[in-house]
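Asker: Encoded as structure tokens, here's the structure I'll be asking about.
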Amino acid sequence: MLIQALFFFSLLVASTQALDFCVADPSLPVGPAGYSCKNTADVTVDDFIFSLAAPGNTSNIISAAVTPAFPPTFPGVNGLGISIARLDFAVGGVIPFHTHPGGSEILVVIQGQLCAGFISSLENKVYFKTLVKGDVMAFPRGLLHFQFNSGKSPALAFVSFSSPTPGLQVTDFAFFKNDLPTEIVAKTTFLDIPQIKKLKAILGGTN
């Protein structure tokens, strides 16, 4: 009886250990539940470590950069319900209105000054404020929000999410970086056609 009890106990311990984590294996297909798990025999400590020390390249149209630590590059967060990213802002840099349908976000300012805010879905009420070093702001899941450098020097922030795959939809890209006909965009947004065509030309949209 004792031997049987020890045997079943060892099986229980083994099964419990197998559920401790699910390190992502980006070489396998991604499903609705996320990335497939790497064989535990192949898991190393490096799967749980990622460096966000290097600044992102802000030489782009938004003068800002996002360096994500999501499962494809930080496999240890897969299945843990968390992730993180680095935000770099040149002077005048902006992360335009966007949403994360898969998770809430919390931001902490490390350097510089940011203006950040979000819009509620029920009343379209705006919540925004100027943030400085040490300030933390929360952004509820799925709501439109933004951040931009409102200071006179580069800014740095880190954001964490309540999901390893929070998702992303940038509003400007959704309207102007695709082949949705200009006439439909004009009809549904009340924007002038010349302005829509200008934005499509800037962002790479057609029609």
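Ordering of the structure tokens sets the chain letters (A, B, ...); residue numbers start at 1 within each chain; ligands are numbered from 1 in the order shown.
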Which residues are near Ala201 (chain A)? Cut-off 12 Å, only C-alpha atoms, ignore same chain within fewer than 4 positions. Put them as a PyMOL selection string.
Answerer: chain A and resi 173+176-179+182+194-197+205-207
Asker: Write out as a PyMOL selection string the set of residues from region 6-200 of chain A that DSSP, computed on the backbone, places in helix (DSSP H, G or I).
Answerer: chain A and resi 6-18+40-42+45-48+75-77+171-176+182-189+193-200
Asker: Do you have, as a Markdown table, the list of residues of region 10-107 of chain A lying at most 10 Å from region 121-144 of chain A, each with its nearest atom pair and that distance in Å to one decimal, counting only C-alpha atoms and ordered by chain then number?
Answerer:
```
| residue | atom | partner | partner_atom | distance |
| --- | --- | --- | --- | --- |
| A:Pro96 | CA | A:Leu144 | CA | 9.5 |
| A:Phe97 | CA | A:Leu144 | CA | 5.9 |
| A:His98 | CA | A:Leu144 | CA | 5.3 |
| A:Thr99 | CA | A:Leu144 | CA | 5.0 |
| A:His100 | CA | A:Gly142 | CA | 5.1 |
| A:Pro101 | CA | A:Gly142 | CA | 4.4 |
| A:Gly102 | CA | A:Arg141 | CA | 6.8 |
| A:Gly103 | CA | A:Arg141 | CA | 4.9 |
| A:Ser104 | CA | A:Arg141 | CA | 3.9 |
| A:Glu105 | CA | A:Phe139 | CA | 5.0 |
| A:Ile106 | CA | A:Ala138 | CA | 4.3 |
| A:Leu107 | CA | A:Met137 | CA | 5.2 |
```
Asker: How many Å lie between CA of Phe89 (chain A) and CA of Ser59 (chain A), rounded to one decimal?
Answerer: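 Interatomic distance here is 9.9 Å.
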Asker: Which residues are near region 74-86 of chain A? Cut-off 10 Å, only C-alpha atoms, ignore same chain within fewer than 4 positions. Put them as a count of residues only.
Answerer: 49
Asker: Could you find all residues in region 49-174 of chain A that DSSP calls strand (DSSP E) from the backbone, and write them as a PyMOL selection string?
Answerer: chain A and resi 64-69+83-89+94-99+105-111+113-119+126-132+136-139+145-149+155-161+169-170
Asker: Mind giving me the straight-line distance from CA of Thr189 (chain A) to CA of Ser120 (chain A) in Å, one decimal?
Answerer: 18.9 Å
Asker: Could you tell me how far CA of Gly92 (chain A) lies from CA of Ser150 (chain A), in Å and to one decimal?
Answerer: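 Computing the Euclidean distance for CA of Gly92 (chain A) and CA of Ser150 (chain A) yields 6.8 Å.
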Asker: Which polymer residues have any atom within 8 Å of an atom of region 152-154 of chain A, counting only C-alpha atoms, with same-chain residues fewer than 6 positions away left out, as a CSV table (one decimal) with all heavy atoms, in the first residue's frame?
Answerer:
```
chain,number,residue,atom,x,y,z
A,88,ASP,N,9.4,54.2,-26.1
A,88,ASP,CA,10.4,55.3,-26.3
A,88,ASP,C,9.7,56.4,-27.1
A,88,ASP,O,9.1,56.1,-28.1
A,88,ASP,CB,11.6,54.8,-27.0
A,88,ASP,CG,12.5,53.9,-26.1
A,88,ASP,OD1,13.2,54.5,-25.3
A,88,ASP,OD2,12.4,52.7,-26.3
A,89,PHE,N,9.9,57.6,-26.7
A,89,PHE,CA,9.3,58.8,-27.3
A,89,PHE,C,10.4,59.8,-27.6
A,89,PHE,O,11.0,60.3,-26.7
A,89,PHE,CB,8.2,59.4,-26.5
A,89,PHE,CG,7.0,58.6,-26.1
A,89,PHE,CD1,7.1,57.7,-25.1
A,89,PHE,CD2,5.8,58.7,-26.9
A,89,PHE,CE1,6.0,56.9,-24.7
A,89,PHE,CE2,4.7,57.9,-26.5
A,89,PHE,CZ,4.8,57.0,-25.5
A,90,ALA,N,10.6,60.1,-28.9
A,90,ALA,CA,11.4,61.3,-29.2
A,90,ALA,C,10.5,62.5,-28.8
A,90,ALA,O,9.4,62.4,-28.5
A,90,ALA,CB,11.8,61.3,-30.7
A,91,VAL,N,11.1,63.7,-28.9
A,91,VAL,CA,10.4,64.9,-28.7
A,91,VAL,C,9.3,65.0,-29.7
A,91,VAL,O,9.5,64.8,-30.9
A,91,VAL,CB,11.3,66.2,-28.8
A,91,VAL,CG1,10.5,67.5,-28.7
A,91,VAL,CG2,12.4,66.1,-27.7
A,111,GLN,N,11.1,58.3,-17.5
A,111,GLN,CA,11.8,59.5,-17.9
A,111,GLN,C,11.0,60.4,-18.7
A,111,GLN,O,10.2,60.0,-19.5
A,111,GLN,CB,13.1,59.1,-18.7
A,111,GLN,CG,13.9,60.2,-19.3
A,111,GLN,CD,15.0,59.7,-20.2
A,111,GLN,OE1,15.7,58.8,-19.9
A,111,GLN,NE2,15.1,60.3,-21.4
A,112,GLY,N,11.1,61.7,-18.5
A,112,GLY,CA,10.4,62.7,-19.3
A,112,GLY,C,8.9,62.9,-18.9
A,112,GLY,O,8.6,62.7,-17.7
```
Asker: With distances taken over only C-alpha atoms, which residue among A:Asn60, A:Gln147, A:Thr188, A:Ser27 lies nearest Ala116 (chain A)?
Answerer: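 Checking each candidate against Ala116 (chain A), we get A:Gln147 as the closest.
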